[in-house]
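Source file: upload-v9.cif (mmCIF, C-alpha atoms)
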data_coords
#
loop_
_atom_site.label_atom_id
_atom_site.label_comp_id
_atom_site.auth_asym_id
_atom_site.auth_seq_id
_atom_site.Cartn_x
_atom_site.Cartn_y
_atom_site.Cartn_z
CA MET A 88 -1.60 0.20 -1.09
CA SER A 89 -1.45 -3.43 -2.12
CA ALA A 90 1.48 -4.51 -4.26
CA GLY A 91 -0.12 -7.82 -5.29
CA GLY A 92 -2.99 -8.74 -7.60
CA PRO A 93 -3.78 -7.59 -11.15
CA ILE A 94 -2.58 -4.09 -11.88
CA TRP A 95 -6.08 -3.14 -13.04
CA ARG A 96 -7.42 -3.71 -9.50
CA GLN A 97 -4.96 -1.43 -7.75
CA PRO A 98 -6.82 1.45 -6.03
CA GLY A 99 -7.46 4.29 -8.46
CA MET A 100 -6.50 2.41 -11.62
CA ALA A 101 -10.10 1.73 -12.73
CA PRO A 102 -11.20 5.40 -12.72
CA LEU A 103 -7.88 6.40 -14.31
CA VAL A 104 -8.46 3.93 -17.15
CA ALA A 105 -12.11 5.00 -17.59
CA MET A 106 -11.25 8.70 -17.66
CA THR A 107 -8.34 8.12 -20.04
CA CYS A 108 -10.40 6.05 -22.48
CA ALA A 109 -13.16 8.69 -22.56
CA GLY A 110 -10.75 11.60 -23.00
CA PHE A 111 -8.60 9.99 -25.65
CA SER A 112 -11.68 8.82 -27.59
CA GLY A 113 -12.61 12.43 -28.32
CA TYR A 114 -9.00 13.25 -29.12
CA ALA A 115 -8.45 10.29 -31.46
CA LEU A 116 -11.64 10.81 -33.46
CA LEU A 117 -10.65 14.30 -34.57
CA LEU A 118 -6.91 13.76 -34.99
CA THR A 119 -7.40 12.63 -38.60
CA VAL A 120 -10.88 14.09 -39.18
CA ALA A 121 -10.20 17.74 -38.20
CA PRO A 122 -7.48 18.18 -40.89
CA LEU A 123 -9.84 16.61 -43.46
CA TRP A 124 -12.63 18.94 -42.28
CA ALA A 125 -10.31 21.90 -42.93
CA VAL A 126 -9.53 20.54 -46.42
CA GLU A 127 -13.28 20.26 -46.97
CA GLY A 128 -13.43 23.98 -46.23
CA GLY A 129 -10.72 24.79 -48.78
CA ALA A 130 -7.45 24.45 -46.81
CA THR A 131 -4.23 23.34 -48.53
CA THR A 132 -2.04 20.41 -47.42
CA ALA A 133 0.11 22.79 -45.38
CA GLY A 134 -3.02 24.38 -43.92
CA SER A 135 -4.45 21.02 -42.90
CA GLY A 136 -1.12 20.20 -41.25
CA LEU A 137 -1.51 23.32 -39.12
CA VAL A 138 -4.68 21.94 -37.51
CA ASN A 139 -2.92 19.33 -35.39
CA GLY A 140 0.07 21.64 -35.08
CA VAL A 141 -2.06 24.29 -33.36
CA LEU A 142 -3.81 21.66 -31.25
CA LEU A 143 -0.50 20.38 -29.95
CA LEU A 144 1.12 23.80 -29.61
CA PHE A 145 -1.56 24.77 -27.09
CA THR A 146 -1.27 21.33 -25.54
CA VAL A 147 2.42 21.86 -24.90
CA LEU A 148 1.95 25.40 -23.56
CA THR A 149 -0.70 24.09 -21.16
CA GLN A 150 1.30 21.06 -20.03
CA LEU A 151 3.99 23.26 -18.53
CA LEU A 152 1.39 24.82 -16.21
CA VAL A 153 -0.50 21.67 -15.20
CA PRO A 154 1.67 20.55 -12.22
CA ARG A 155 1.05 23.84 -10.43
CA ALA A 156 -2.65 23.85 -11.41
CA LEU A 157 -3.14 20.37 -9.94
CA HIS A 158 -1.57 21.44 -6.66
CA ARG A 159 -3.50 24.72 -6.48
CA PHE A 160 -7.00 23.73 -7.64
CA GLY A 161 -7.03 19.98 -7.00
CA TRP A 162 -7.07 16.99 -9.33
CA GLY A 163 -10.85 16.67 -9.64
CA PRO A 164 -11.68 20.28 -10.65
CA ALA A 165 -8.64 20.60 -12.93
CA LEU A 166 -9.44 17.35 -14.75
CA ALA A 167 -13.13 18.23 -15.07
CA VAL A 168 -12.30 21.54 -16.74
CA GLY A 169 -9.75 19.85 -18.98
CA LEU A 170 -12.19 17.18 -20.14
CA ALA A 171 -14.85 19.83 -20.85
CA LEU A 172 -12.41 21.90 -22.93
CA LEU A 173 -11.47 18.76 -24.85
CA GLY A 174 -15.04 17.57 -25.49
CA VAL A 175 -17.18 20.66 -26.19
CA PRO A 176 -15.18 22.30 -29.05
CA GLY A 177 -15.52 19.23 -31.27
CA VAL A 178 -19.30 19.69 -31.33
CA LEU A 179 -18.89 23.38 -32.17
CA MET A 180 -16.49 22.51 -34.99
CA SER A 181 -19.38 20.96 -36.92
CA LEU A 182 -20.80 24.45 -37.45
CA ASN A 183 -17.88 25.82 -39.50
CA ASN A 184 -15.14 24.24 -41.63
CA ALA A 185 -13.23 27.45 -42.39
CA LEU A 186 -9.56 27.02 -41.50
CA GLY A 187 -9.61 29.88 -38.98
CA ALA A 188 -12.52 28.39 -37.04
CA VAL A 189 -11.01 24.90 -37.06
CA LEU A 190 -7.69 26.27 -35.79
CA ALA A 191 -9.34 28.30 -32.99
CA LEU A 192 -11.36 25.34 -31.73
CA SER A 193 -8.29 23.09 -32.02
CA ALA A 194 -6.44 25.51 -29.75
CA VAL A 195 -9.15 25.17 -27.07
CA ARG A 196 -9.07 21.39 -27.42
CA GLY A 197 -5.30 21.55 -26.98
CA VAL A 198 -5.69 23.21 -23.56
CA GLY A 199 -8.00 20.42 -22.42
CA PHE A 200 -5.76 17.73 -23.83
CA GLY A 201 -2.77 19.23 -22.04
CA VAL A 202 -4.50 18.86 -18.68
CA LEU A 203 -5.60 15.28 -19.39
CA THR A 204 -2.20 14.03 -20.55
CA VAL A 205 -0.06 15.41 -17.73
CA ALA A 206 -2.50 14.47 -14.98
CA GLY A 207 -3.06 10.99 -16.39
CA SER A 208 0.58 9.95 -16.59
CA ALA A 209 1.43 11.63 -13.27
CA ALA A 210 -1.39 9.70 -11.60
CA VAL A 211 0.26 6.40 -12.59
CA ALA A 212 3.37 7.21 -10.58
CA ALA A 213 1.29 8.37 -7.62
CA LEU A 214 -1.01 5.33 -7.51
CA VAL A 215 1.51 2.47 -7.89
CA GLY A 216 4.85 1.70 -6.26
CA ALA A 217 8.12 1.80 -8.17
CA GLU A 218 8.41 -2.00 -8.36
CA ARG A 219 5.31 -2.21 -10.61
CA ARG A 220 5.51 1.17 -12.30
CA GLY A 221 6.35 -0.17 -15.75
CA GLU A 222 3.36 -2.52 -15.62
CA ALA A 223 1.09 0.33 -14.49
CA ILE A 224 2.38 2.57 -17.28
CA GLY A 225 1.59 -0.30 -19.65
CA ALA A 226 -2.02 -0.47 -18.39
CA TYR A 227 -2.36 3.30 -18.68
CA GLY A 228 -0.78 3.15 -22.13
CA LEU A 229 -3.32 0.54 -23.19
CA ALA A 230 -6.14 2.87 -22.10
CA VAL A 231 -4.52 5.57 -24.26
CA ALA A 232 -3.88 3.27 -27.21
CA LEU A 233 -7.25 1.50 -27.49
CA PRO A 234 -9.20 4.62 -28.54
CA ASN A 235 -6.42 5.37 -31.03
CA LEU A 236 -6.60 1.78 -32.27
CA VAL A 237 -10.36 1.81 -32.87
CA LEU A 238 -11.41 5.41 -33.40
CA LEU A 239 -8.42 7.03 -35.10
CA PRO A 240 -8.66 4.93 -38.30
CA ALA A 241 -12.47 4.83 -38.05
CA GLY A 242 -12.86 8.62 -37.94
CA PRO A 243 -12.53 9.32 -41.69
CA TRP A 244 -14.69 6.28 -42.50
CA ILE A 245 -17.45 7.44 -40.12
CA ALA A 246 -17.36 10.92 -41.63
CA GLU A 247 -17.58 9.59 -45.17
CA SER A 248 -20.12 6.81 -44.54
CA LEU A 249 -22.34 8.13 -41.72
CA GLY A 250 -21.76 11.86 -41.89
CA TRP A 251 -19.46 14.47 -40.40
CA TRP A 252 -21.99 15.27 -37.67
CA VAL A 253 -21.67 11.74 -36.25
CA VAL A 254 -17.93 12.20 -35.72
CA PHE A 255 -18.36 15.59 -34.11
CA ALA A 256 -21.08 14.27 -31.78
CA LEU A 257 -18.86 11.36 -30.70
CA SER A 258 -15.98 13.77 -30.11
CA ALA A 259 -17.85 14.93 -26.98
CA LEU A 260 -17.01 11.61 -25.26
CA PRO A 261 -14.46 13.29 -22.91
CA LEU A 262 -17.44 14.72 -21.00
CA VAL A 263 -18.38 11.15 -20.02
CA GLY A 264 -15.05 10.85 -18.18
CA ILE A 265 -15.71 13.68 -15.70
CA PRO A 266 -17.25 11.47 -12.94
CA ALA A 267 -14.27 9.10 -13.19
CA ALA A 268 -11.94 12.10 -12.79
CA PHE A 269 -13.45 12.88 -9.38
CA ARG A 270 -13.20 9.21 -8.32
CA LEU A 271 -9.53 9.26 -9.33
CA SER A 272 -9.01 12.39 -7.25
CA SER A 273 -10.46 10.61 -4.20
CA ALA A 274 -8.12 7.64 -4.71
CA LEU A 275 -5.12 9.96 -4.99
CA ARG A 276 -5.98 11.57 -1.66
CA LEU A 277 -5.25 8.19 -0.05
CA SER A 278 -2.19 7.15 -2.07
CA ALA A 279 -0.54 10.58 -2.43
CA PRO A 280 -2.00 13.12 0.03
CA ASP A 281 1.03 15.39 -0.42
CA LEU A 282 0.03 16.11 -4.05
CA HIS A 283 -3.19 17.93 -3.13
CA PRO A 284 -3.98 21.57 -2.23
CA GLY A 285 -3.11 22.60 1.30
CA THR A 286 0.18 20.70 1.43
CA THR A 287 3.66 22.15 1.02
CA VAL A 288 6.75 20.55 -0.43
CA SER A 289 10.04 21.86 0.92
CA PRO A 290 12.66 22.54 -1.76
CA ASP A 291 15.62 20.18 -1.69
CA PRO A 292 18.97 21.97 -2.25
CA ASP A 293 20.52 18.63 -3.29
CA ASP A 294 17.83 18.00 -5.92
CA PRO A 295 16.74 21.37 -7.38
CA GLU A 296 14.18 21.59 -10.15
CA PHE A 297 16.62 22.71 -12.85
CA LYS A 298 18.71 19.54 -12.34
CA ALA A 299 15.56 17.48 -12.70
CA TYR A 300 14.86 19.27 -15.99
CA LEU A 301 18.33 18.37 -17.24
CA ARG A 302 17.90 14.69 -16.36
CA LEU A 303 14.57 14.64 -18.20
CA MET A 304 15.92 16.03 -21.47
CA ARG A 305 17.34 12.73 -22.76
CA PRO A 306 14.11 10.68 -22.56
CA MET A 307 12.14 13.67 -23.82
CA MET A 308 14.29 13.99 -26.96
CA LEU A 309 14.04 10.25 -27.65
CA LEU A 310 10.27 10.49 -27.34
CA LEU A 311 10.05 13.64 -29.47
CA ALA A 312 11.82 11.96 -32.37
CA VAL A 313 9.61 8.86 -32.45
CA THR A 314 6.39 10.85 -32.03
CA LEU A 315 7.49 13.19 -34.83
CA ALA A 316 7.65 10.16 -37.10
CA GLY A 317 4.48 8.56 -35.78
CA GLY A 318 2.54 11.81 -35.76
CA ALA A 319 3.40 12.44 -39.39
CA VAL A 320 2.16 9.01 -40.41
CA ILE A 321 -1.08 9.39 -38.44
CA THR A 322 -1.83 12.86 -39.80
CA PHE A 323 -1.15 12.26 -43.48
CA THR A 324 -2.06 8.62 -44.13
CA PRO A 325 -5.67 9.51 -45.10
CA GLN A 326 -4.35 12.09 -47.59
CA MET A 327 -1.50 10.15 -49.20
CA VAL A 328 -3.32 6.80 -49.54
CA ASP A 329 -6.07 6.88 -52.16
CA SER A 330 -7.95 3.86 -50.86
CA PRO A 331 -9.88 4.60 -47.62
CA SER A 332 -9.83 0.89 -46.71
CA VAL A 333 -6.03 0.65 -47.09
CA ALA A 334 -5.56 3.86 -45.09
CA ALA A 335 -7.86 2.59 -42.33
CA GLY A 336 -6.16 -0.83 -42.35
CA GLY A 337 -2.72 0.74 -42.05
CA LEU A 338 -3.76 3.01 -39.19
CA PHE A 339 -5.43 0.05 -37.48
CA LEU A 340 -2.27 -2.06 -37.71
CA MET A 341 -0.16 0.81 -36.43
CA GLY A 342 -2.55 1.32 -33.52
CA LEU A 343 -2.68 -2.40 -32.78
CA SER A 344 1.09 -2.85 -32.62
CA ALA A 345 1.47 0.40 -30.65
CA ALA A 346 -1.14 -0.72 -28.12
CA PHE A 347 0.44 -4.15 -27.71
CA SER A 348 4.01 -2.90 -27.36
CA ARG A 349 3.09 -0.06 -25.01
CA TRP A 350 1.18 -2.52 -22.82
CA ARG A 351 3.60 -5.46 -22.73
CA VAL A 352 6.97 -3.69 -22.69
CA GLY A 353 6.22 -2.22 -19.25
CA ALA A 354 6.28 -5.56 -17.43
CA LEU A 355 9.49 -6.51 -19.28
CA ALA A 356 11.07 -3.20 -18.29
CA ASP A 357 10.18 -3.80 -14.62
CA ARG A 358 12.04 -7.09 -14.82
CA TYR A 359 15.04 -6.28 -17.04
CA GLY A 360 15.23 -2.48 -17.03
CA PRO A 361 14.11 -0.18 -19.85
CA GLN A 362 17.50 0.62 -21.42
CA ARG A 363 18.06 -2.66 -23.26
CA PHE A 364 14.78 -2.18 -25.14
CA VAL A 365 15.30 1.48 -26.06
CA VAL A 366 18.45 0.98 -28.16
CA PRO A 367 17.03 -1.36 -30.84
CA LEU A 368 13.72 0.51 -31.13
CA VAL A 369 15.38 3.78 -32.18
CA PRO A 370 16.99 2.56 -35.45
CA LEU A 371 13.97 0.34 -36.06
CA THR A 372 11.88 3.52 -36.23
CA GLY A 373 14.08 4.75 -39.07
CA VAL A 374 13.67 1.43 -40.89
CA GLY A 375 9.90 1.62 -40.57
CA MET A 376 9.75 5.19 -41.85
CA ALA A 377 12.00 4.33 -44.81
CA LEU A 378 9.64 1.47 -45.67
CA VAL A 379 6.64 3.83 -45.48
CA ALA A 380 8.45 6.25 -47.81
CA TRP A 381 9.23 3.49 -50.32
CA SER A 382 5.65 2.24 -50.18
CA VAL A 383 4.14 5.61 -51.16
CA ALA A 384 6.86 6.72 -53.60
CA SER A 385 5.45 5.05 -56.72
CA SER A 386 3.30 7.13 -59.07
CA ASP A 387 1.27 3.99 -59.77
CA GLY A 388 -0.17 3.95 -56.26
CA VAL A 389 0.67 2.66 -52.80
CA ARG A 390 2.51 -0.66 -52.48
CA VAL A 391 -0.09 -2.10 -50.15
CA GLY A 392 1.81 -5.07 -48.68
CA SER A 393 4.95 -3.15 -47.74
CA PHE A 394 2.86 -0.21 -46.52
CA LEU A 395 0.97 -2.41 -44.05
CA VAL A 396 4.20 -4.03 -42.82
CA ALA A 397 5.73 -0.57 -42.39
CA MET A 398 2.75 0.66 -40.37
CA LEU A 399 3.03 -2.40 -38.10
CA LEU A 400 6.73 -1.71 -37.56
CA VAL A 401 6.31 2.02 -36.91
CA GLY A 402 3.53 1.27 -34.42
CA LEU A 403 5.73 -1.20 -32.52
CA CYS A 404 8.42 1.45 -32.02
CA TYR A 405 5.90 4.25 -31.42
CA GLY A 406 4.17 2.41 -28.57
CA GLY A 407 7.21 0.79 -27.01
CA LEU A 408 9.26 3.97 -26.78
CA GLN A 409 6.33 5.84 -25.22
CA ASN A 410 6.24 3.43 -22.29
CA LEU A 411 10.01 3.16 -21.90
CA THR A 412 10.74 6.90 -22.00
CA LEU A 413 8.03 7.61 -19.41
CA LEU A 414 9.46 4.95 -17.13
CA ILE A 415 12.98 6.36 -17.61
CA SER A 416 11.65 9.85 -16.81
CA PHE A 417 10.12 8.76 -13.49
CA THR A 418 13.28 6.82 -12.63
CA ALA A 419 15.52 9.82 -13.39
CA VAL A 420 14.01 12.09 -10.70
CA SER A 421 12.79 11.91 -7.12
CA ARG A 422 9.11 11.51 -6.27
CA ARG A 423 8.69 15.24 -5.57
CA HIS A 424 9.47 15.84 -9.26
CA HIS A 425 7.15 13.19 -10.74
CA ASN A 426 4.53 15.73 -11.82
CA LEU A 427 7.35 17.65 -13.52
CA ALA A 428 8.53 14.44 -15.20
CA SER A 429 5.02 13.85 -16.50
CA ALA A 430 4.82 17.40 -17.86
CA VAL A 431 8.20 17.25 -19.61
CA TRP A 432 7.47 13.80 -21.07
CA ASN A 433 4.13 14.99 -22.42
CA VAL A 434 5.75 18.09 -23.88
CA GLY A 435 8.13 15.81 -25.78
CA PHE A 436 5.26 13.62 -26.97
CA ASP A 437 3.06 16.42 -28.21
CA ALA A 438 5.84 18.66 -29.51
CA GLY A 439 7.04 15.74 -31.61
CA THR A 440 3.53 15.04 -32.90
CA ALA A 441 3.04 18.74 -33.74
CA LEU A 442 6.37 18.91 -35.58
CA GLY A 443 5.43 15.76 -37.47
CA SER A 444 2.20 17.39 -38.55
CA VAL A 445 3.51 20.84 -39.49
CA ALA A 446 7.07 20.21 -40.73
CA VAL A 447 6.29 17.04 -42.67
CA GLY A 448 3.28 18.75 -44.22
CA VAL A 449 5.45 21.61 -45.46
CA ILE A 450 8.20 19.27 -46.75
CA ALA A 451 5.61 17.09 -48.49
CA GLN A 452 4.09 20.09 -50.24
CA LEU A 453 7.52 21.26 -51.43
CA THR A 454 8.79 17.80 -52.42
CA SER A 455 6.78 14.61 -51.79
CA PHE A 456 5.43 12.49 -48.96
CA ALA A 457 8.18 9.93 -49.59
CA THR A 458 10.92 12.54 -49.06
CA ALA A 459 9.17 13.96 -46.00
CA PHE A 460 8.95 10.54 -44.33
CA LEU A 461 12.60 9.81 -45.06
CA VAL A 462 13.50 13.06 -43.29
CA ALA A 463 11.34 12.09 -40.29
CA GLY A 464 13.00 8.67 -40.13
CA ALA A 465 16.46 10.22 -40.29
CA ILE A 466 15.61 12.47 -37.34
CA ALA A 467 14.60 9.42 -35.31
CA VAL A 468 17.84 7.58 -36.12
CA ALA A 469 19.85 10.70 -35.17
CA THR A 470 18.82 10.17 -31.52
CA LEU A 471 20.65 6.82 -31.34
CA PRO A 472 23.60 8.38 -29.42
CA LEU A 473 21.12 9.44 -26.71
CA ALA A 474 19.80 5.88 -26.50
CA LEU A 475 23.32 4.46 -26.22
CA GLN A 476 24.23 7.08 -23.61
CA GLY A 477 21.57 5.64 -21.32
CA ARG A 478 23.39 2.32 -21.05
CA THR A 479 26.43 3.91 -19.47
CA GLY A 480 24.52 6.17 -17.13
CA SER A 481 21.70 3.90 -15.99
CA ALA A 482 23.54 2.34 -13.05
CA ALA A 483 24.45 5.74 -11.58
CA ARG A 484 20.87 6.96 -11.97
CA ARG A 485 19.47 3.87 -10.28
CA THR A 486 21.80 4.42 -7.32
CA ARG A 487 20.78 8.07 -7.04
CA ARG A 488 17.07 7.24 -7.36
CA VAL A 489 17.23 4.61 -4.62
CA GLY A 490 18.89 7.11 -2.32
CA MET A 491 16.29 9.77 -3.04
CA GLU A 492 13.34 7.41 -2.61
CA ARG A 493 14.69 6.21 0.73
CA ALA A 494 14.74 9.81 1.85
CA GLU A 495 11.08 10.31 0.86
CA PRO A 496 8.47 10.13 3.66
CA PRO A 497 6.43 6.89 3.58
CA ARG A 498 3.09 7.03 1.77
CA GLU A 499 -0.16 6.75 3.66
CA THR A 500 -2.14 3.61 2.97
#
Representation of the structure as structure tokens:
Amino acid sequence: MSAGGPIWRQPGMAPLVAMTCAGFSGYALLLTVAPLWAVEGGATTAGSGLVNGVLLLFTVLTQLLVPRALHRFGWGPALAVGLALLGVPGVLMSLNNALGAVLALSAVRGVGFGVLTVAGSAAVAALVGAERRGEAIGAYGLAVALPNLVLLPAGPWIAESLGWWVVFALSALPLVGIPAAFRLSSALRLSAPDLHPGTTVSPDPDDPEFKAYLRLMRPMMLLLAVTLAGGAVITFTPQMVDSPSVAAGGLFLMGLSAAFSRWRVGALADRYGPQRFVVPLVPLTGVGMALVAWSVASSDGVRVGSFLVAMLLVGLCYGGLQNLTLLISFTAVSRRHHNLASAVWNVGFDAGTALGSVAVGVIAQLTSFATAFLVAGAIAVATLPLALQGRTGSAARRTRRVGMERAEPPRET
């Protein structure tokens, strides 16, 4: 495995990026459209919030099982099934907008999305060495963020301007990623043969799984808080902003800043370490959410200028903390636990997004969107002690990680 050259040309990165773009395209299109489709069928604000909540509940439940599924069935077959479960239900959703039908199909999509997310982020750690892992996570994050940047804000516009059926047809794009999934599996057989069926991993009494879980809780909680805030903004912007163009512009700016920060912060973290970037981004999330709340609080309509600035700021924190917490998760455990680290990180991501959809929807219905976003921002700021804790413990973790990685058998090239 070559350590030099552009990160995009590392073996396996091209099919990983292609598969990720295809899978997340189908996911992003329906993230804002599926709740609106339920409202079209008569659902309330709280009911529409349940749509993404159910999607991500089943995502989280699936993510906990993915590491064992990858080892038992293989990366190619597992990913192919996951992409099919993510792509087919969107087409079926066009047949019925009753809340029950939308929720059931969202649950199936959640299973597929759970497979895609855990396998995708775990593949990054398996394909690229530790010295360029932050950069590789940035490239993977860009493949995740670009569909969100383009298709997430475009979804409601496509539904309104071209028709709902166009959105649901495009939501089948994950099926296009299935050939890339098998090419990725072939690349992983060369870079990480021990992660495939037929191999055994001896338990390490000095590094048991429950200790790995404990080390992964801090980055997971940091991620959960920022995705709770970001998920709430993504879910409810089309409903709380009267102007479709302002809503689309805000979501575009959030996606743009998230894509840029998730991409670029990885290389900086490889050079300087992730901890120094985590601490300022946590309170900055609270500032961004407070600005969103102020922007939508007026009964005269949204304060457009401050709303767009707030979306840019929230996106910066949303993308940057995704990259940094994944890098911290891989650094916190030995290589034998990297699939576990991917699963726990993805649980934090999607549990936070689900809570942002469901809890903020309920609070908004009882009070207002402004109050609900202030609560979400306060939750993000409350994790600042966890961010500060990382500064004091990072040196010890780096020492432990180096020792564990030296004990790992060399990879085949």
(request) For Val401 (chain A), work out the shell of residues within 7 Å, counting only C-alpha atoms and skipping chain neighbours fewer than 2 positions away, then give it as a list in words. (result) Gly317, Met341, Thr372, Gly375, Met376, Ala397, Met398, Leu399, Leu403, Cys404 and Tyr405 of chain A
(request) Enter the distance from CA of Leu378 (chain A) to CA of Val449 (chain A), in Å, rounded to one decimal. (result)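 We find that CA of Leu378 (chain A) and CA of Val449 (chain A) lie 20.6 Å from each other.
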(request) Find the residue from A:Ala217, A:Val434, A:Ile321, A:Val366 that sits nearest to Ala474 (chain A); use only C-alpha atoms when measuring. (result) A:Val366
(request) Would you work out the distance separating CA of Val198 (chain A) from CA of Arg305 (chain A), expressed in Å to one decimal? (result) 25.3 Å
(message) Nearest residue to Val320 (chain A) out of A:Ala230, A:Ala209, A:Leu400, A:Ala185, using only C-alpha atoms?
(response)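 Distance minimum relative to Val320 (chain A) lands on A:Leu400.
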(request) Using only C-alpha atoms, find the one residue out of A:Gly129, A:Leu192, A:Gly225, A:Val202 that sits nearest to Val104 (chain A). (result) A:Gly225
(message) Using the chain letters and numbers from this file, what does the PyMOL selection byres ((chain A and resi 386) around 12) select? Give the answer as a list in words.
(response)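 Here the PyMOL selection byres ((chain A and resi 386) around 12) matches Met327, Val328, Asp329, Trp381, Ser382, Val383, Ala384, Ser385, Asp387, Gly388, Val389, Arg390, Ser455, Phe456 and Ala457 of chain A.
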(request) Tell me which of A:Val175, A:Leu368, A:Ala446, A:Ala194 sits closest to Leu148 (chain A), counting all atoms listed in the file. (result)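 Among the listed residues, the smallest separation from Leu148 (chain A) belongs to A:Ala194.
With only C-alpha atoms as the atoms that count, the residue of A:Ala226, A:Ala206, A:Leu170, A:Ala259 with the shortest distance to Leu157 (chain A) is A:Ala206.
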(message) Ranking A:Gly197, A:Pro331, A:Gly134, A:Pro266 by minimum distance to Ile245 (chain A) and counting all atoms listed in the file, which one comes first?
(response)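 Of all the options, A:Pro331 lies closest to Ile245 (chain A).
Here the PyMOL selection byres ((chain A and resi 415-427) around 6) matches the residues A:Pro154, A:Ala209, A:Ala299, A:Leu303, A:Thr412, A:Leu413, A:Leu414, A:Ala428, A:Ser429, A:Ala430, A:Met491.
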(message) Between CA of Thr314 (chain A) and CA of Thr440 (chain A), what is the distance in Å, rounded to a tenth?
(response)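 Interatomic distance, CA of Thr314 (chain A) to CA of Thr440 (chain A): 5.1 Å.
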(message) Expand the PyMOL selection byres ((chain A and resi 447) around 12) into the explicit residue set it covers here, and present it as a count of residues only.
(response) 44
Report, as JSON, the centre and edge lengths in Å (one decimal) of the axis-aligned box enclosing every listed atom of region 432-443 of chain A, padded by 4 Å on each side.
{"center_x": 5.6, "center_y": 16.3, "center_z": -29.3, "size_x": 13.1, "size_y": 13.3, "size_z": 24.4}
Since the input has fewer atoms than a full residue there, write region 144-149 of chain A out with all heavy atoms, as a PDB file, in the frame of the given file.
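Wrote part_22.pdb, looks like this:
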ATOM      1  N   LEU A 144       0.420  22.636 -30.141  1.00  0.00           N
ATOM      2  CA  LEU A 144       1.120  23.800 -29.610  1.00  0.00           C
ATOM      3  C   LEU A 144       0.464  24.251 -28.306  1.00  0.00           C
ATOM      4  O   LEU A 144       1.145  24.468 -27.290  1.00  0.00           O
ATOM      5  CB  LEU A 144       1.097  24.945 -30.625  1.00  0.00           C
ATOM      6  CG  LEU A 144       1.595  26.305 -30.100  1.00  0.00           C
ATOM      7  CD1 LEU A 144       3.061  26.236 -29.708  1.00  0.00           C
ATOM      8  CD2 LEU A 144       1.360  27.398 -31.153  1.00  0.00           C
ATOM      9  N   PHE A 145      -0.858  24.362 -28.309  1.00  0.00           N
ATOM     10  CA  PHE A 145      -1.560  24.770 -27.090  1.00  0.00           C
ATOM     11  C   PHE A 145      -1.530  23.668 -26.045  1.00  0.00           C
ATOM     12  O   PHE A 145      -1.568  23.955 -24.840  1.00  0.00           O
ATOM     13  CB  PHE A 145      -2.988  25.199 -27.431  1.00  0.00           C
ATOM     14  CG  PHE A 145      -3.074  26.612 -27.941  1.00  0.00           C
ATOM     15  CD1 PHE A 145      -2.793  26.906 -29.261  1.00  0.00           C
ATOM     16  CD2 PHE A 145      -3.383  27.658 -27.082  1.00  0.00           C
ATOM     17  CE1 PHE A 145      -2.849  28.208 -29.737  1.00  0.00           C
ATOM     18  CE2 PHE A 145      -3.428  28.964 -27.537  1.00  0.00           C
ATOM     19  CZ  PHE A 145      -3.160  29.247 -28.872  1.00  0.00           C
ATOM     20  N   THR A 146      -1.452  22.422 -26.487  1.00  0.00           N
ATOM     21  CA  THR A 146      -1.270  21.330 -25.540  1.00  0.00           C
ATOM     22  C   THR A 146       0.032  21.487 -24.778  1.00  0.00           C
ATOM     23  O   THR A 146       0.074  21.389 -23.546  1.00  0.00           O
ATOM     24  CB  THR A 146      -1.294  19.980 -26.278  1.00  0.00           C
ATOM     25  OG1 THR A 146      -2.571  19.784 -26.882  1.00  0.00           O
ATOM     26  CG2 THR A 146      -1.017  18.830 -25.321  1.00  0.00           C
ATOM     27  N   VAL A 147       1.104  21.728 -25.520  1.00  0.00           N
ATOM     28  CA  VAL A 147       2.420  21.860 -24.900  1.00  0.00           C
ATOM     29  C   VAL A 147       2.473  23.070 -23.967  1.00  0.00           C
ATOM     30  O   VAL A 147       2.998  22.985 -22.847  1.00  0.00           O
ATOM     31  CB  VAL A 147       3.503  21.964 -25.998  1.00  0.00           C
ATOM     32  CG1 VAL A 147       4.838  22.393 -25.404  1.00  0.00           C
ATOM     33  CG2 VAL A 147       3.652  20.636 -26.730  1.00  0.00           C
ATOM     34  N   LEU A 148       1.934  24.202 -24.415  1.00  0.00           N
ATOM     35  CA  LEU A 148       1.950  25.400 -23.560  1.00  0.00           C
ATOM     36  C   LEU A 148       1.176  25.158 -22.273  1.00  0.00           C
ATOM     37  O   LEU A 148       1.565  25.650 -21.200  1.00  0.00           O
ATOM     38  CB  LEU A 148       1.340  26.581 -24.328  1.00  0.00           C
ATOM     39  CG  LEU A 148       2.136  27.075 -25.541  1.00  0.00           C
ATOM     40  CD1 LEU A 148       1.381  28.170 -26.273  1.00  0.00           C
ATOM     41  CD2 LEU A 148       3.519  27.572 -25.119  1.00  0.00           C
ATOM     42  N   THR A 149       0.097  24.397 -22.352  1.00  0.00           N
ATOM     43  CA  THR A 149      -0.700  24.090 -21.160  1.00  0.00           C
ATOM     44  C   THR A 149       0.023  23.113 -20.251  1.00  0.00           C
ATOM     45  O   THR A 149      -0.009  23.253 -19.013  1.00  0.00           O
ATOM     46  CB  THR A 149      -2.057  23.504 -21.579  1.00  0.00           C
ATOM     47  OG1 THR A 149      -2.739  24.434 -22.413  1.00  0.00           O
ATOM     48  CG2 THR A 149      -2.914  23.183 -20.356  1.00  0.00           C
TER      49      THR A 149
END
